[in-house]
Amino acid sequence: MIVPAEKDLRAVLARFAQARIEHDVRPTGRTSRALEDATYTLCVMTGARTAEQALLAADALLEQYREGCASVSREDEALAA
């Protein structure tokens, strides 16, 4: 699986969340299509088959990004010392 860039993953997560909220508040054909599209994109991006699996995979990827940033910061601190 190709790992998505962090900003792209965050953008798709935000789009999914917005679509989910809009559909839950006032479901219409438009909100249903928007939610389906956002869910599909999130699933493709994470290599998952369901929204639940995609959200879990996205959480894991975000944790990897955080760990990567933390290790870079520690390396920078060591170089500065």
# chains A, B, ... in the order shown; residues from 1 in each chain; ligands from 1
>>> residues_around(residues="range 30-47 of chain A", least_positions_apart="2", cutoff="9 Å", atoms="only C-alpha atoms", output="list in words")
Met1, Ile2, Val3, Pro4, Leu9, Val12, Leu13, Arg15, Phe16, Ala17, Gln18, Ala19, Arg20, Glu22, His23, Asp24, Arg26, Pro27, Thr28, Arg49, Thr50, Ala51, Gln53, Ala54, Leu55, Ala57, Ala58 and Leu61 of chain A
>>> select_by_dssp(residues="range 1-44 of chain A", states="helix (DSSP H, G or I)", output="PDB file with N, CA, C and O atoms, in the first residue's frame")
ATOM      1  N   GLU A   6       0.584  12.967   5.161  1.00  0.00           N
ATOM      2  CA  GLU A   6      -0.205  13.303   6.344  1.00  0.00           C
ATOM      3  C   GLU A   6      -1.268  14.352   6.044  1.00  0.00           C
ATOM      4  O   GLU A   6      -2.419  14.213   6.454  1.00  0.00           O
ATOM      5  N   LYS A   7      -0.905  15.399   5.306  1.00  0.00           N
ATOM      6  CA  LYS A   7      -1.887  16.464   5.028  1.00  0.00           C
ATOM      7  C   LYS A   7      -3.039  15.953   4.182  1.00  0.00           C
ATOM      8  O   LYS A   7      -4.183  16.355   4.377  1.00  0.00           O
ATOM      9  N   ASP A   8      -2.759  15.028   3.256  1.00  0.00           N
ATOM     10  CA  ASP A   8      -3.836  14.460   2.436  1.00  0.00           C
ATOM     11  C   ASP A   8      -4.765  13.594   3.278  1.00  0.00           C
ATOM     12  O   ASP A   8      -5.989  13.662   3.125  1.00  0.00           O
ATOM     13  N   LEU A   9      -4.181  12.800   4.175  1.00  0.00           N
ATOM     14  CA  LEU A   9      -4.993  11.963   5.056  1.00  0.00           C
ATOM     15  C   LEU A   9      -5.864  12.828   5.960  1.00  0.00           C
ATOM     16  O   LEU A   9      -7.063  12.565   6.121  1.00  0.00           O
ATOM     17  N   ARG A  10      -5.292  13.870   6.523  1.00  0.00           N
ATOM     18  CA  ARG A  10      -6.064  14.762   7.393  1.00  0.00           C
ATOM     19  C   ARG A  10      -7.189  15.460   6.626  1.00  0.00           C
ATOM     20  O   ARG A  10      -8.284  15.635   7.147  1.00  0.00           O
ATOM     21  N   ALA A  11      -6.930  15.826   5.381  1.00  0.00           N
ATOM     22  CA  ALA A  11      -7.956  16.478   4.561  1.00  0.00           C
ATOM     23  C   ALA A  11      -9.122  15.526   4.293  1.00  0.00           C
ATOM     24  O   ALA A  11     -10.296  15.919   4.376  1.00  0.00           O
ATOM     25  N   VAL A  12      -8.814  14.272   3.985  1.00  0.00           N
ATOM     26  CA  VAL A  12      -9.866  13.288   3.715  1.00  0.00           C
ATOM     27  C   VAL A  12     -10.638  12.973   4.994  1.00  0.00           C
ATOM     28  O   VAL A  12     -11.868  12.823   4.971  1.00  0.00           O
ATOM     29  N   LEU A  13      -9.947  12.887   6.122  1.00  0.00           N
ATOM     30  CA  LEU A  13     -10.634  12.674   7.399  1.00  0.00           C
ATOM     31  C   LEU A  13     -11.580  13.830   7.711  1.00  0.00           C
ATOM     32  O   LEU A  13     -12.704  13.614   8.179  1.00  0.00           O
ATOM     33  N   ALA A  14     -11.147  15.043   7.447  1.00  0.00           N
ATOM     34  CA  ALA A  14     -12.005  16.211   7.688  1.00  0.00           C
ATOM     35  C   ALA A  14     -13.223  16.174   6.760  1.00  0.00           C
ATOM     36  O   ALA A  14     -14.346  16.468   7.186  1.00  0.00           O
ATOM     37  N   ARG A  15     -12.999  15.813   5.494  1.00  0.00           N
ATOM     38  CA  ARG A  15     -14.110  15.717   4.545  1.00  0.00           C
ATOM     39  C   ARG A  15     -15.097  14.631   4.967  1.00  0.00           C
ATOM     40  O   ARG A  15     -16.316  14.825   4.902  1.00  0.00           O
ATOM     41  N   PHE A  16     -14.574  13.500   5.439  1.00  0.00           N
ATOM     42  CA  PHE A  16     -15.434  12.415   5.915  1.00  0.00           C
ATOM     43  C   PHE A  16     -16.251  12.885   7.120  1.00  0.00           C
ATOM     44  O   PHE A  16     -17.462  12.650   7.184  1.00  0.00           O
ATOM     45  N   ALA A  17     -15.597  13.532   8.074  1.00  0.00           N
ATOM     46  CA  ALA A  17     -16.292  13.993   9.281  1.00  0.00           C
ATOM     47  C   ALA A  17     -17.392  14.989   8.929  1.00  0.00           C
ATOM     48  O   ALA A  17     -18.514  14.900   9.442  1.00  0.00           O
ATOM     49  N   GLN A  18     -17.087  15.926   8.044  1.00  0.00           N
ATOM     50  CA  GLN A  18     -18.087  16.920   7.641  1.00  0.00           C
ATOM     51  C   GLN A  18     -19.269  16.257   6.941  1.00  0.00           C
ATOM     52  O   GLN A  18     -20.434  16.577   7.222  1.00  0.00           O
ATOM     53  N   ALA A  19     -18.985  15.313   6.054  1.00  0.00           N
ATOM     54  CA  ALA A  19     -20.051  14.609   5.337  1.00  0.00           C
ATOM     55  C   ALA A  19     -20.907  13.796   6.308  1.00  0.00           C
ATOM     56  O   ALA A  19     -22.136  13.759   6.192  1.00  0.00           O
ATOM     57  N   ARG A  20     -20.259  13.159   7.278  1.00  0.00           N
ATOM     58  CA  ARG A  20     -20.987  12.357   8.272  1.00  0.00           C
ATOM     59  C   ARG A  20     -21.915  13.240   9.104  1.00  0.00           C
ATOM     60  O   ARG A  20     -23.079  12.911   9.329  1.00  0.00           O
ATOM     61  N   ILE A  21     -21.411  14.384   9.536  1.00  0.00           N
ATOM     62  CA  ILE A  21     -22.222  15.304  10.340  1.00  0.00           C
ATOM     63  C   ILE A  21     -23.403  15.822   9.533  1.00  0.00           C
ATOM     64  O   ILE A  21     -24.543  15.800   9.999  1.00  0.00           O
ATOM     65  N   GLU A  22     -23.129  16.296   8.310  1.00  0.00           N
ATOM     66  CA  GLU A  22     -24.208  16.833   7.478  1.00  0.00           C
ATOM     67  C   GLU A  22     -25.273  15.770   7.205  1.00  0.00           C
ATOM     68  O   GLU A  22     -26.468  16.075   7.234  1.00  0.00           O
ATOM     69  N   HIS A  23     -24.846  14.552   6.946  1.00  0.00           N
ATOM     70  CA  HIS A  23     -25.809  13.487   6.651  1.00  0.00           C
ATOM     71  C   HIS A  23     -26.606  13.107   7.906  1.00  0.00           C
ATOM     72  O   HIS A  23     -27.805  12.815   7.814  1.00  0.00           O
ATOM     73  N   ASP A  24     -25.955  13.108   9.061  1.00  0.00           N
ATOM     74  CA  ASP A  24     -26.666  12.780  10.295  1.00  0.00           C
ATOM     75  C   ASP A  24     -27.679  13.855  10.680  1.00  0.00           C
ATOM     76  O   ASP A  24     -28.760  13.548  11.182  1.00  0.00           O
ATOM     77  N   VAL A  25     -27.324  15.118  10.435  1.00  0.00           N
ATOM     78  CA  VAL A  25     -28.205  16.228  10.809  1.00  0.00           C
ATOM     79  C   VAL A  25     -29.401  16.328   9.865  1.00  0.00           C
ATOM     80  O   VAL A  25     -30.540  16.468  10.305  1.00  0.00           O
ATOM     81  N   GLY A  29     -30.282  13.152  -0.527  1.00  0.00           N
ATOM     82  CA  GLY A  29     -29.539  12.435  -1.558  1.00  0.00           C
ATOM     83  C   GLY A  29     -28.138  12.999  -1.724  1.00  0.00           C
ATOM     84  O   GLY A  29     -27.168  12.258  -1.907  1.00  0.00           O
ATOM     85  N   ARG A  30     -28.026  14.321  -1.649  1.00  0.00           N
ATOM     86  CA  ARG A  30     -26.726  14.969  -1.787  1.00  0.00           C
ATOM     87  C   ARG A  30     -25.794  14.579  -0.651  1.00  0.00           C
ATOM     88  O   ARG A  30     -24.629  14.243  -0.878  1.00  0.00           O
ATOM     89  N   THR A  31     -26.294  14.611   0.588  1.00  0.00           N
ATOM     90  CA  THR A  31     -25.435  14.269   1.726  1.00  0.00           C
ATOM     91  C   THR A  31     -25.065  12.789   1.702  1.00  0.00           C
ATOM     92  O   THR A  31     -23.955  12.423   2.088  1.00  0.00           O
ATOM     93  N   SER A  32     -25.968  11.960   1.224  1.00  0.00           N
ATOM     94  CA  SER A  32     -25.678  10.536   1.118  1.00  0.00           C
ATOM     95  C   SER A  32     -24.556  10.286   0.114  1.00  0.00           C
ATOM     96  O   SER A  32     -23.617   9.529   0.384  1.00  0.00           O
ATOM     97  N   ARG A  33     -24.631  10.953  -1.036  1.00  0.00           N
ATOM     98  CA  ARG A  33     -23.584  10.809  -2.050  1.00  0.00           C
ATOM     99  C   ARG A  33     -22.259  11.355  -1.547  1.00  0.00           C
ATOM    100  O   ARG A  33     -21.201  10.753  -1.773  1.00  0.00           O
ATOM    101  N   ALA A  34     -22.283  12.481  -0.854  1.00  0.00           N
ATOM    102  CA  ALA A  34     -21.052  13.070  -0.308  1.00  0.00           C
ATOM    103  C   ALA A  34     -20.415  12.128   0.709  1.00  0.00           C
ATOM    104  O   ALA A  34     -19.185  11.945   0.722  1.00  0.00           O
ATOM    105  N   LEU A  35     -21.236  11.522   1.555  1.00  0.00           N
ATOM    106  CA  LEU A  35     -20.721  10.586   2.554  1.00  0.00           C
ATOM    107  C   LEU A  35     -20.152   9.335   1.883  1.00  0.00           C
ATOM    108  O   LEU A  35     -19.080   8.855   2.259  1.00  0.00           O
ATOM    109  N   GLU A  36     -20.854   8.818   0.889  1.00  0.00           N
ATOM    110  CA  GLU A  36     -20.353   7.645   0.158  1.00  0.00           C
ATOM    111  C   GLU A  36     -19.024   7.950  -0.520  1.00  0.00           C
ATOM    112  O   GLU A  36     -18.092   7.136  -0.478  1.00  0.00           O
ATOM    113  N   ASP A  37     -18.913   9.125  -1.123  1.00  0.00           N
ATOM    114  CA  ASP A  37     -17.678   9.514  -1.806  1.00  0.00           C
ATOM    115  C   ASP A  37     -16.531   9.667  -0.810  1.00  0.00           C
ATOM    116  O   ASP A  37     -15.427   9.170  -1.053  1.00  0.00           O
ATOM    117  N   ALA A  38     -16.782  10.333   0.298  1.00  0.00           N
ATOM    118  CA  ALA A  38     -15.741  10.520   1.314  1.00  0.00           C
ATOM    119  C   ALA A  38     -15.323   9.183   1.918  1.00  0.00           C
ATOM    120  O   ALA A  38     -14.131   8.944   2.159  1.00  0.00           O
ATOM    121  N   THR A  39     -16.287   8.302   2.151  1.00  0.00           N
ATOM    122  CA  THR A  39     -15.988   6.983   2.697  1.00  0.00           C
ATOM    123  C   THR A  39     -15.146   6.178   1.715  1.00  0.00           C
ATOM    124  O   THR A  39     -14.150   5.555   2.098  1.00  0.00           O
ATOM    125  N   TYR A  40     -15.527   6.202   0.462  1.00  0.00           N
ATOM    126  CA  TYR A  40     -14.768   5.488  -0.569  1.00  0.00           C
ATOM    127  C   TYR A  40     -13.329   5.989  -0.621  1.00  0.00           C
ATOM    128  O   TYR A  40     -12.378   5.196  -0.631  1.00  0.00           O
ATOM    129  N   THR A  41     -13.154   7.305  -0.646  1.00  0.00           N
ATOM    130  CA  THR A  41     -11.816   7.883  -0.718  1.00  0.00           C
ATOM    131  C   THR A  41     -10.985   7.493   0.489  1.00  0.00           C
ATOM    132  O   THR A  41      -9.810   7.123   0.362  1.00  0.00           O
ATOM    133  N   LEU A  42     -11.583   7.551   1.671  1.00  0.00           N
ATOM    134  CA  LEU A  42     -10.873   7.176   2.890  1.00  0.00           C
ATOM    135  C   LEU A  42     -10.487   5.698   2.861  1.00  0.00           C
ATOM    136  O   LEU A  42      -9.366   5.335   3.239  1.00  0.00           O
ATOM    137  N   CYS A  43     -11.385   4.851   2.392  1.00  0.00           N
ATOM    138  CA  CYS A  43     -11.091   3.417   2.302  1.00  0.00           C
ATOM    139  C   CYS A  43      -9.955   3.141   1.313  1.00  0.00           C
ATOM    140  O   CYS A  43      -9.050   2.352   1.602  1.00  0.00           O
ATOM    141  N   VAL A  44      -9.984   3.782   0.167  1.00  0.00           N
ATOM    142  CA  VAL A  44      -8.922   3.585  -0.826  1.00  0.00           C
ATOM    143  C   VAL A  44      -7.593   4.075  -0.260  1.00  0.00           C
ATOM    144  O   VAL A  44      -6.562   3.404  -0.382  1.00  0.00           O
TER     145      VAL A  44
END
